[in-house]
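Peer 1: Data file final-v9.cif (mmCIF, C-alpha atoms and all ligand atoms) is appended below.
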```cif
data_run
#
loop_
_atom_site.label_atom_id
_atom_site.label_comp_id
_atom_site.auth_asym_id
_atom_site.auth_seq_id
_atom_site.Cartn_x
_atom_site.Cartn_y
_atom_site.Cartn_z
CA MET A 1 94.13 92.32 118.20
CA SER A 2 95.00 94.12 115.01
CA ALA A 3 94.42 92.75 111.55
CA LEU A 4 96.56 95.30 109.82
CA LEU A 5 100.15 95.71 110.76
CA ARG A 6 101.73 98.97 109.72
CA PHE A 7 105.36 99.08 108.87
CA GLU A 8 107.60 100.83 106.44
CA PRO A 9 107.67 99.59 102.86
CA MET A 10 109.79 96.47 102.79
CA THR A 11 112.91 96.20 100.69
CA GLU A 12 114.04 93.26 98.56
CA SER A 13 115.61 91.76 101.69
CA LYS A 14 112.13 91.54 103.25
CA GLU A 15 112.80 93.10 106.61
CA PHE A 16 109.93 91.97 108.81
CA PRO A 17 109.41 93.13 112.37
CA GLU A 18 111.72 91.28 114.72
CA GLY A 19 110.50 87.84 115.74
CA LEU A 20 107.91 87.64 112.97
CA ASP A 21 108.28 85.31 110.00
CA PRO A 22 105.55 85.27 107.39
CA LEU A 23 103.70 82.06 106.72
CA GLY A 24 103.89 80.61 103.24
CA GLY A 25 101.95 77.56 102.14
CA GLU A 26 102.78 75.57 105.28
CA GLU A 27 100.09 74.41 107.68
CA PHE A 28 99.47 75.73 111.17
CA THR A 29 97.40 74.10 113.87
CA PHE A 30 94.46 76.05 115.21
CA GLU A 31 90.77 75.82 115.87
CA CYS A 32 88.45 77.96 117.97
CA HIS A 33 85.16 76.48 119.19
CA PRO A 34 82.95 76.56 122.31
CA GLY A 35 84.73 73.47 123.69
CA VAL A 36 88.10 75.17 124.26
CA SER A 37 88.82 76.03 127.90
CA CYS A 38 89.65 79.63 126.95
CA PHE A 39 86.38 80.20 125.05
CA THR A 40 85.68 83.98 124.82
CA VAL A 41 88.78 84.93 126.86
CA CYS A 42 90.07 86.90 123.88
CA CYS A 43 86.87 88.99 123.76
CA LYS A 44 87.64 90.43 127.22
CA ASN A 45 90.04 93.22 128.13
CA VAL A 46 90.87 93.53 124.46
CA GLU A 47 91.82 96.61 122.48
CA LEU A 48 90.14 96.13 119.15
CA ASP A 49 90.72 98.51 116.25
CA LEU A 50 87.68 99.04 114.06
CA TYR A 51 88.12 99.93 110.41
CA PRO A 52 85.54 101.70 108.22
CA TYR A 53 84.29 98.48 106.63
CA ASP A 54 83.93 96.88 110.09
CA ILE A 55 81.70 99.77 111.09
CA ILE A 56 79.32 99.49 108.14
CA ARG A 57 78.99 95.73 108.66
CA LEU A 58 78.37 96.03 112.40
CA ARG A 59 75.97 98.94 112.31
CA LYS A 60 73.88 97.15 109.67
CA ARG A 61 73.90 93.98 111.74
CA LEU A 62 72.70 95.94 114.78
CA ALA A 63 70.24 98.01 112.72
CA LEU A 64 71.77 101.24 114.03
CA ASP A 65 72.48 104.42 112.14
CA SER A 66 76.20 105.04 111.85
CA GLU A 67 76.23 108.03 114.21
CA THR A 68 74.48 106.06 116.95
CA PHE A 69 76.83 103.12 116.41
CA MET A 70 79.89 105.35 116.73
CA HIS A 71 78.51 107.09 119.81
CA THR A 72 77.47 103.87 121.54
CA HIS A 73 80.19 101.40 120.62
CA THR A 74 83.41 103.22 119.79
CA GLU A 75 86.14 105.37 121.28
CA LEU A 76 88.90 107.37 119.67
CA LYS A 77 92.54 106.97 120.51
CA LYS A 78 95.83 108.25 119.19
CA GLY A 79 97.18 105.38 117.12
CA ALA A 80 100.02 104.91 114.68
CA ASN A 81 98.80 107.73 112.44
CA PRO A 82 99.68 111.05 114.11
CA TYR A 83 97.29 112.98 111.84
CA PHE A 84 94.13 110.91 112.14
CA PRO A 85 92.52 109.20 115.11
CA THR A 86 92.18 105.45 115.45
CA VAL A 87 88.74 104.06 116.24
CA ILE A 88 88.51 101.28 118.80
CA LEU A 89 85.65 99.24 120.20
CA LYS A 90 84.22 100.57 123.48
CA LEU A 91 84.19 97.71 125.97
CA VAL A 92 81.48 97.26 128.60
CA ALA A 93 81.99 96.39 132.24
CA ASN A 94 81.23 92.85 133.39
CA GLY A 95 82.23 92.43 137.04
CA GLN A 96 85.94 93.14 137.38
CA LYS A 97 86.50 92.87 133.65
CA PHE A 98 85.68 94.78 130.53
CA GLN A 99 84.46 92.90 127.53
CA CYS A 100 83.21 93.27 123.99
CA PRO A 101 79.58 94.48 124.04
CA PHE A 102 78.69 91.81 121.48
CA LEU A 103 79.77 88.91 123.67
CA SER A 104 77.22 86.57 125.25
CA ASP A 105 77.72 83.40 127.30
CA GLN A 106 77.23 81.48 124.08
CA GLY A 107 79.90 83.47 122.24
CA CYS A 108 79.87 86.19 119.62
CA THR A 109 76.40 87.56 118.85
CA VAL A 110 77.57 89.30 115.66
CA TYR A 111 79.64 86.40 114.38
CA GLU A 112 78.78 86.71 110.67
CA ASP A 113 79.66 90.42 110.82
CA ARG A 114 82.48 90.36 113.35
CA PRO A 115 85.36 92.76 112.67
CA ALA A 116 88.35 91.90 110.51
CA ALA A 117 90.68 91.56 113.50
CA CYS A 118 88.42 88.91 115.11
CA ARG A 119 88.11 86.84 111.93
CA THR A 120 91.80 87.12 111.01
CA TYR A 121 93.00 85.87 114.42
CA PRO A 122 95.26 83.89 115.04
CA LEU A 123 96.83 85.41 111.94
CA GLU A 124 97.92 89.00 111.45
CA ARG A 125 98.11 90.51 108.00
CA ALA A 126 100.63 92.96 106.60
CA VAL A 127 100.58 94.55 103.18
CA ASP A 128 103.66 95.74 101.36
CA ARG A 129 102.64 98.64 99.14
CA SER A 130 106.12 99.81 98.15
CA VAL A 131 105.97 101.15 94.61
CA GLU A 132 109.02 99.27 93.29
CA ARG A 133 107.28 95.99 93.92
CA GLY A 134 104.34 96.82 91.68
CA ARG A 135 101.15 95.26 93.02
CA PRO A 136 100.73 95.25 96.79
CA LYS A 137 101.83 91.99 98.35
CA GLU A 138 100.27 90.54 101.47
CA PHE A 139 101.95 88.58 104.24
CA TYR A 140 100.43 86.65 107.12
CA PHE A 141 102.01 86.01 110.49
CA LEU A 142 100.93 83.53 113.13
CA THR A 143 100.36 85.09 116.55
CA ASN A 144 100.46 82.96 119.65
CA HIS A 145 99.09 84.27 122.93
CA GLY A 146 99.68 82.10 125.97
CA TYR A 147 96.01 82.20 126.98
CA CYS A 148 94.80 80.92 123.60
CA LYS A 149 94.38 77.16 123.64
CA GLY A 150 93.17 77.03 120.05
CA HIS A 151 96.76 76.38 118.98
CA TYR A 152 96.62 72.95 120.67
CA GLU A 153 93.58 71.84 118.68
CA PRO A 154 94.41 69.30 115.95
CA GLN A 155 92.88 71.15 113.00
CA GLN A 156 95.45 71.92 110.30
CA ASN A 157 95.01 75.08 108.25
CA THR A 158 96.88 76.93 105.55
CA VAL A 159 96.64 80.69 105.20
CA LYS A 160 94.63 80.25 102.02
CA GLN A 161 92.15 77.95 103.76
CA TRP A 162 91.89 80.33 106.70
CA ILE A 163 91.12 83.32 104.46
CA ARG A 164 88.40 81.32 102.73
CA SER A 165 86.88 79.81 105.85
CA GLN A 166 86.68 83.18 107.63
CA TYR A 167 85.26 85.03 104.60
CA LEU A 168 88.13 87.48 104.76
CA GLU A 169 88.43 88.46 101.08
CA GLN A 170 85.91 91.33 101.18
CA PHE A 171 87.35 92.63 104.47
CA ASN A 172 90.88 92.50 103.07
CA GLN A 173 89.90 94.30 99.88
CA MET A 174 88.14 97.07 101.79
CA ASN A 175 90.92 97.33 104.37
CA ASP A 176 93.50 97.69 101.60
CA ARG A 177 91.51 100.63 100.24
CA TRP A 178 91.27 102.04 103.75
CA ALA A 179 95.02 101.58 104.32
CA GLU A 180 95.74 103.67 101.21
CA VAL A 181 93.55 106.49 102.50
CA ASP A 182 94.98 106.20 106.01
CA THR A 183 98.48 106.45 104.54
CA LEU A 184 97.39 109.63 102.75
CA PHE A 185 96.07 111.01 106.06
CA GLY A 186 99.45 110.14 107.56
CA SER A 187 101.11 112.61 105.19
CA ASN A 188 99.24 115.45 106.96
CA PRO A 189 97.21 116.58 103.95
CA TRP A 190 95.13 119.00 106.01
CA LYS A 191 97.16 121.93 104.71
CA GLY A 192 97.52 123.91 107.90
CA GLU A 193 93.97 123.34 109.06
CA GLY A 194 95.29 121.13 111.85
CA SER A 195 93.46 118.39 113.71
CA GLY A 196 89.71 118.75 113.75
CA GLY A 197 89.71 121.21 110.84
CA PRO A 198 86.99 121.11 108.17
CA LYS A 199 88.83 118.70 105.86
CA GLN A 200 89.67 116.28 108.64
CA GLN A 201 86.06 116.35 109.82
CA LEU A 202 84.90 115.56 106.30
CA ALA A 203 87.39 112.69 106.14
CA PHE A 204 86.15 111.34 109.46
CA MET A 205 82.56 111.49 108.27
CA VAL A 206 83.34 109.57 105.06
CA CYS A 207 85.23 106.86 106.93
CA TYR A 208 83.06 106.45 110.00
CA ASP A 209 79.65 108.02 109.49
CA ILE A 210 78.32 106.56 106.28
CA ASP A 211 74.79 107.87 106.88
CA GLY A 212 76.13 111.38 107.40
CA PHE A 213 78.19 111.08 104.23
CA ARG A 214 75.16 109.84 102.28
CA GLU A 215 73.23 112.96 103.29
CA PHE A 216 76.21 115.20 102.54
CA ALA A 217 76.78 113.60 99.11
CA ALA A 218 73.10 114.06 98.22
CA ALA A 219 72.98 117.68 99.40
CA GLN A 220 76.17 118.57 97.50
CA HIS A 221 75.23 116.50 94.40
CA LEU A 222 78.71 114.98 94.70
CA LEU A 223 78.13 112.13 92.26
CA ASP A 224 77.21 114.61 89.54
CA HIS A 225 80.71 116.10 89.64
CA TYR A 226 82.27 112.89 88.32
CA ARG A 227 81.98 110.68 85.28
CA LEU A 228 79.94 107.80 86.63
CA SER A 229 77.57 105.53 84.74
CA ARG A 230 73.94 105.27 85.78
CA GLU A 231 74.69 101.78 87.07
CA GLN A 232 77.61 103.02 89.21
CA LYS A 233 75.47 105.81 90.68
CA LYS A 234 72.71 103.34 91.47
CA LYS A 235 75.12 101.06 93.33
CA ILE A 236 76.66 103.97 95.25
CA ASN A 237 73.22 105.25 96.21
CA GLU A 238 72.01 101.84 97.33
CA LYS A 239 74.98 100.16 99.01
CA ASP A 240 77.06 101.40 101.95
CA VAL A 241 80.11 99.54 100.72
CA GLU A 242 79.97 101.21 97.31
CA LEU A 243 79.43 104.61 98.92
CA LEU A 244 82.45 103.99 101.13
CA LYS A 245 84.59 103.09 98.10
CA PHE A 246 83.39 106.27 96.36
CA GLY A 247 84.12 108.26 99.52
CA PHE A 248 87.69 106.98 99.71
CA GLU A 249 88.30 108.03 96.09
CA TRP A 250 86.58 111.38 96.69
CA LEU A 251 88.85 112.06 99.67
CA LYS A 252 91.90 111.29 97.56
CA ASP A 253 90.62 113.75 94.98
CA ILE A 254 89.94 116.62 97.36
CA LEU A 255 93.18 116.02 99.26
CA GLY A 256 95.26 116.26 96.11
CA SER A 257 96.16 112.59 95.71
CA ARG A 258 95.70 110.38 92.65
CA SER A 259 92.06 109.27 92.53
CA ALA A 260 90.21 106.79 90.33
CA LEU A 261 87.42 109.36 89.91
CA ILE A 262 87.33 111.45 86.75
CA LYS A 263 85.88 114.94 87.01
CA LYS A 264 83.29 115.96 84.42
S1 LIG A 301 83.01 90.96 117.89
FE1 LIG A 301 82.64 88.87 118.54
S2 LIG A 301 84.59 87.80 118.21
FE2 LIG A 301 85.02 89.99 118.19
S3 LIG A 301 85.58 90.52 120.28
FE3 LIG A 301 83.39 90.87 120.08
S4 LIG A 301 82.41 88.97 120.75
FE4 LIG A 301 84.57 88.53 120.35
S1 LIG A 302 90.84 79.53 121.25
FE1 LIG A 302 91.89 81.52 121.13
S2 LIG A 302 90.58 82.65 119.72
FE2 LIG A 302 89.34 80.92 120.48
S3 LIG A 302 88.28 81.68 122.30
FE3 LIG A 302 90.20 80.77 123.01
S4 LIG A 302 91.57 82.56 123.12
FE4 LIG A 302 89.90 83.15 121.81
#
```
Using structure tokens, write down the structure that the file contains.
Ligand code: SF4
Ligand code: SF4

Peer 2:
Amino acid sequence: MSALLRFEPMTESKEFPEGLDPLGGEEFTFECHPGVSCFTVCCKNVELDLYPYDIIRLRKRLALDSETFMHTHTELKKGANPYFPTVILKLVANGQKFQCPFLSDQGCTVYEDRPAACRTYPLERAVDRSVERGRPKEFYFLTNHGYCKGHYEPQQNTVKQWIRSQYLEQFNQMNDRWAEVDTLFGSNPWKGEGSGGPKQQLAFMVCYDIDGFREFAAAQHLLDHYRLSREQKKKINEKDVELLKFGFEWLKDILGSRSALIKK
């Protein structure tokens, strides 16, 4: 499952990946509930990308520090971005199969904090950030896996209803910020340091080790380098999500991209 499709900026002719047509306001049929014969099938043998906001939600839910969460529940793989690793969920063995570690016989044990990909399904989301178009535009596509019987349930949904019912707004907002930063990483901004160099390690810490970044920011007095109100500093100091937003902007700044932060 992947909640964020990556493809080149689209042109006026809207060239979508072959076989995919975006949904507009029309309805699609789908419902997932414990009564479907395929219940939890999709949580097994799955490759699930985890984005930075997924990590801070899950680690809080599990009351783990971010380093322990990463060590226990994630793996790195080479994904679409050749200059930055992709983080995926580490599955656990259950008989012949591998499954999500948060799956129980009753279903998802982290449901309220499940990752974006899980809550977006059966939709996939793509964002067109081409400059000519002005504001980024989002598109949703309906996926249909043969094993998923939810498509035969009678419930009618529109994309808008699905976004609301799955509480996707906050995930989408944070994933759009993350996609911007990931795109920057994709331009190889490490300036000859190569993979695993100091800047890339800093970037990885900001994105995936929020506790480590909190300590680093405090030790380096990072917030004091920028024009931030007392209220903004308080929020950044108290909330992971605000610290992550600050971190994304800080990375843009130190990697030479346009940042919302203003230096003092
Ligand atoms: S987080 Fe929940 S919904 Fe997502 S794969 Fe794991 S058990 Fe399934
Ligand atoms: S209906 Fe689809 S999403 Fe729900 S459990 Fe079955 S396979 Fe997974």

Peer 1: Extract, using all atoms listed in the file, all DNA, RNA and protein residues at most 7 Å from range 145-162 of chain A, discarding same-chain residues fewer than 4 positions from it, and format them as a list of chain:residue names.

Peer 2: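 Contacts, with the query itself left out: A:Gly25, A:Glu26, A:Glu27, A:Phe28, A:Thr29, A:Phe30, A:Glu31, A:Cys32, A:Val36, A:Cys38, A:Gln166.
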
Peer 1: If I wrap all listed atoms of range 195-205 of chain A in a box with edges along x, y and z and add 8 Å on each side, what are its centre and edge lengths in Å to one decimal, as JSON?

Peer 2:
```
{"center_x": 88.0, "center_y": 116.3, "center_z": 109.8, "size_x": 26.9, "size_y": 25.9, "size_z": 23.9}
```

Peer 1: With distances taken over only C-alpha atoms and all ligand atoms, which of A:Ile254, A:Leu23, A:Ala63, A:Ile55 is nearest to ligand LIG 301 (chain A)?

Peer 2: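 Closest residue, counting only C-alpha atoms and all ligand atoms: A:Ile55.
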
Peer 1: Which is closest to ligand LIG 301 (chain A) among A:Asp240, A:Glu47, A:Glu231, A:Glu180, if we use all atoms listed in the file?

Peer 2: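 Nearest to ligand LIG 301 (chain A): A:Glu47.
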
Peer 1: Any idea what's packed within 10 Å of Val92 in chain A, counting all atoms listed in the file, ignoring anything in its chain fewer than 4 positions away? Could you give it as a PyMOL selection string?

Peer 2: chain A and resi 44-45+73+97-103

Peer 1: In terms of the shortest atom-to-atom distance over all atoms listed in the file, which of A:Asn237, A:Gln173, A:Gln106, A:Ser259 is closest to ligand LIG 301 (chain A)?

Peer 2: A:Gln106

Peer 1: Identify which of the residues A:Asp176, A:Asp21, A:Asp182, A:Asp105 lies closest to Asn81 in chain A, counting all atoms listed in the file when measuring atom-to-atom distances.

Peer 2: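 Ranking A:Asp176, A:Asp21, A:Asp182, A:Asp105 by distance to Asn81 in chain A, first place goes to A:Asp182.
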
Peer 1: Show me, as JSON lines, the residues of chain A having an atom within 7 Å of ligand LIG 301 (chain A), each with the closest atom pair and its distance in Å, using all atoms listed in the file.

Peer 2:
```
{"residue": "A:Thr40", "atom": "CA", "partner": "A:LIG301", "partner_atom": "FE4", "distance": 6.5}
{"residue": "A:Cys42", "atom": "CA", "partner": "A:LIG301", "partner_atom": "FE4", "distance": 6.7}
{"residue": "A:Cys43", "atom": "CA", "partner": "A:LIG301", "partner_atom": "S3", "distance": 4.0}
{"residue": "A:Cys100", "atom": "CA", "partner": "A:LIG301", "partner_atom": "FE3", "distance": 4.6}
{"residue": "A:Pro101", "atom": "CA", "partner": "A:LIG301", "partner_atom": "FE3", "distance": 6.6}
{"residue": "A:Phe102", "atom": "CA", "partner": "A:LIG301", "partner_atom": "S4", "distance": 4.7}
{"residue": "A:Leu103", "atom": "CA", "partner": "A:LIG301", "partner_atom": "S4", "distance": 3.9}
{"residue": "A:Gly107", "atom": "CA", "partner": "A:LIG301", "partner_atom": "S4", "distance": 6.2}
{"residue": "A:Cys108", "atom": "CA", "partner": "A:LIG301", "partner_atom": "S4", "distance": 3.9}
{"residue": "A:Thr109", "atom": "CA", "partner": "A:LIG301", "partner_atom": "FE1", "distance": 6.4}
{"residue": "A:Val110", "atom": "CA", "partner": "A:LIG301", "partner_atom": "FE1", "distance": 5.8}
{"residue": "A:Tyr111", "atom": "CA", "partner": "A:LIG301", "partner_atom": "FE1", "distance": 5.7}
{"residue": "A:Arg114", "atom": "CA", "partner": "A:LIG301", "partner_atom": "S1", "distance": 4.6}
{"residue": "A:Pro115", "atom": "CA", "partner": "A:LIG301", "partner_atom": "S1", "distance": 6.0}
{"residue": "A:Cys118", "atom": "CA", "partner": "A:LIG301", "partner_atom": "FE2", "distance": 4.7}
```

Peer 1: Pick from A:Val206, A:Ala117, A:Ile262, A:Leu62: nearest to ligand LIG 302 (chain A), with only C-alpha atoms and all ligand atoms counted?

Peer 2: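 Answer, going by the shortest atom-to-atom distance: A:Ala117.
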
Peer 1: Pick out the residues sitting within 7 Å of Leu89 in chain A, and hand them over as an MDAnalysis selection string; count all atoms listed in the file, and ignore anything fewer than 3 positions along from it in its own chain.

Peer 2: chainID A and resid 48:50 73:75

Peer 1: For Lys60 in chain A, which residue among A:Arg125, A:Arg258, A:Lys239, A:Lys199 is the nearest when counting only C-alpha atoms?

Peer 2: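 The answer is A:Lys239, which sits nearest to Lys60 in chain A.
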
Peer 1: Between CA of His71 in chain A and CA of Ala217 in chain A, what is the distance, to one decimal in Å?

Peer 2: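 That distance, rounded to one decimal, is 21.8 Å.
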
Peer 1: Measure the distance from CA of Pro198 in chain A to CA of Glu238 in chain A in Å and round it to one decimal.

Peer 2: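 That distance, rounded to one decimal, is 26.7 Å.
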
Peer 1: Which neighbours of Tyr51 in chain A fall inside 9 Å, counting only C-alpha atoms, when residues of the same chain fewer than 6 positions from it are skipped, and could you give them as a list in words?

Peer 2: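 So, after excluding close chain neighbours, the residues are Thr86, Val87, Ile88, Pro115, Ala116, Asn175, Trp178, Cys207 and Tyr208 of chain A.
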
Peer 1: Take CA of Arg57 in chain A and CA of Thr183 in chain A and report the distance between them in Å, one decimal.

Peer 2: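 Rounded to one decimal, the two atoms are 22.6 Å apart.
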
Peer 1: From the coordinates supplied, range 37-52 of chain A should be written with N, CA and C atoms, as an mmCIF file, in the first residue's frame.

Peer 2:
```cif
data_model
loop_
_atom_site.group_PDB
_atom_site.id
_atom_site.type_symbol
_atom_site.label_atom_id
_atom_site.label_comp_id
_atom_site.auth_asym_id
_atom_site.auth_seq_id
_atom_site.Cartn_x
_atom_site.Cartn_y
_atom_site.Cartn_z
ATOM 1 N N SER A 37 -15.140 -11.308 4.500
ATOM 2 C CA SER A 37 -14.423 -12.593 4.551
ATOM 3 C C SER A 37 -12.903 -12.400 4.489
ATOM 4 N N CYS A 38 -12.474 -11.258 3.980
ATOM 5 C CA CYS A 38 -11.036 -11.000 3.825
ATOM 6 C C CYS A 38 -10.477 -10.203 5.006
ATOM 7 N N PHE A 39 -11.216 -10.109 6.101
ATOM 8 C CA PHE A 39 -10.818 -9.220 7.198
ATOM 9 C C PHE A 39 -9.371 -9.474 7.622
ATOM 10 N N THR A 40 -8.566 -8.438 7.595
ATOM 11 C CA THR A 40 -7.133 -8.381 7.966
ATOM 12 C C THR A 40 -6.177 -8.992 6.929
ATOM 13 N N VAL A 41 -6.721 -9.509 5.821
ATOM 14 C CA VAL A 41 -5.831 -10.067 4.783
ATOM 15 C C VAL A 41 -4.810 -9.030 4.335
ATOM 16 N N CYS A 42 -5.272 -7.776 4.214
ATOM 17 C CA CYS A 42 -4.389 -6.728 3.676
ATOM 18 C C CYS A 42 -3.319 -6.294 4.678
ATOM 19 N N CYS A 43 -3.388 -6.781 5.904
ATOM 20 C CA CYS A 43 -2.371 -6.428 6.913
ATOM 21 C C CYS A 43 -1.278 -7.494 6.958
ATOM 22 N N LYS A 44 -1.360 -8.455 6.029
ATOM 23 C CA LYS A 44 -0.365 -9.540 5.988
ATOM 24 C C LYS A 44 0.426 -9.463 4.685
ATOM 25 N N ASN A 45 1.680 -9.860 4.772
ATOM 26 C CA ASN A 45 2.559 -9.833 3.587
ATOM 27 C C ASN A 45 2.457 -8.518 2.832
ATOM 28 N N VAL A 46 2.423 -7.437 3.570
ATOM 29 C CA VAL A 46 2.241 -6.127 2.950
ATOM 30 C C VAL A 46 3.554 -5.344 3.034
ATOM 31 N N GLU A 47 3.811 -4.527 2.033
ATOM 32 C CA GLU A 47 4.948 -3.600 2.150
ATOM 33 C C GLU A 47 4.369 -2.219 2.385
ATOM 34 N N LEU A 48 4.571 -1.723 3.580
ATOM 35 C CA LEU A 48 3.892 -0.499 3.996
ATOM 36 C C LEU A 48 4.906 0.615 4.244
ATOM 37 N N ASP A 49 4.867 1.627 3.394
ATOM 38 C CA ASP A 49 5.745 2.791 3.604
ATOM 39 C C ASP A 49 5.273 3.562 4.823
ATOM 40 N N LEU A 50 6.213 4.020 5.617
ATOM 41 C CA LEU A 50 5.884 4.869 6.767
ATOM 42 C C LEU A 50 6.486 6.247 6.538
ATOM 43 N N TYR A 51 5.673 7.268 6.698
ATOM 44 C CA TYR A 51 6.139 8.643 6.530
ATOM 45 C C TYR A 51 6.386 9.256 7.913
ATOM 46 N N PRO A 52 7.123 10.383 7.938
ATOM 47 C CA PRO A 52 7.488 10.953 9.249
ATOM 48 C C PRO A 52 6.291 11.184 10.183
#
```
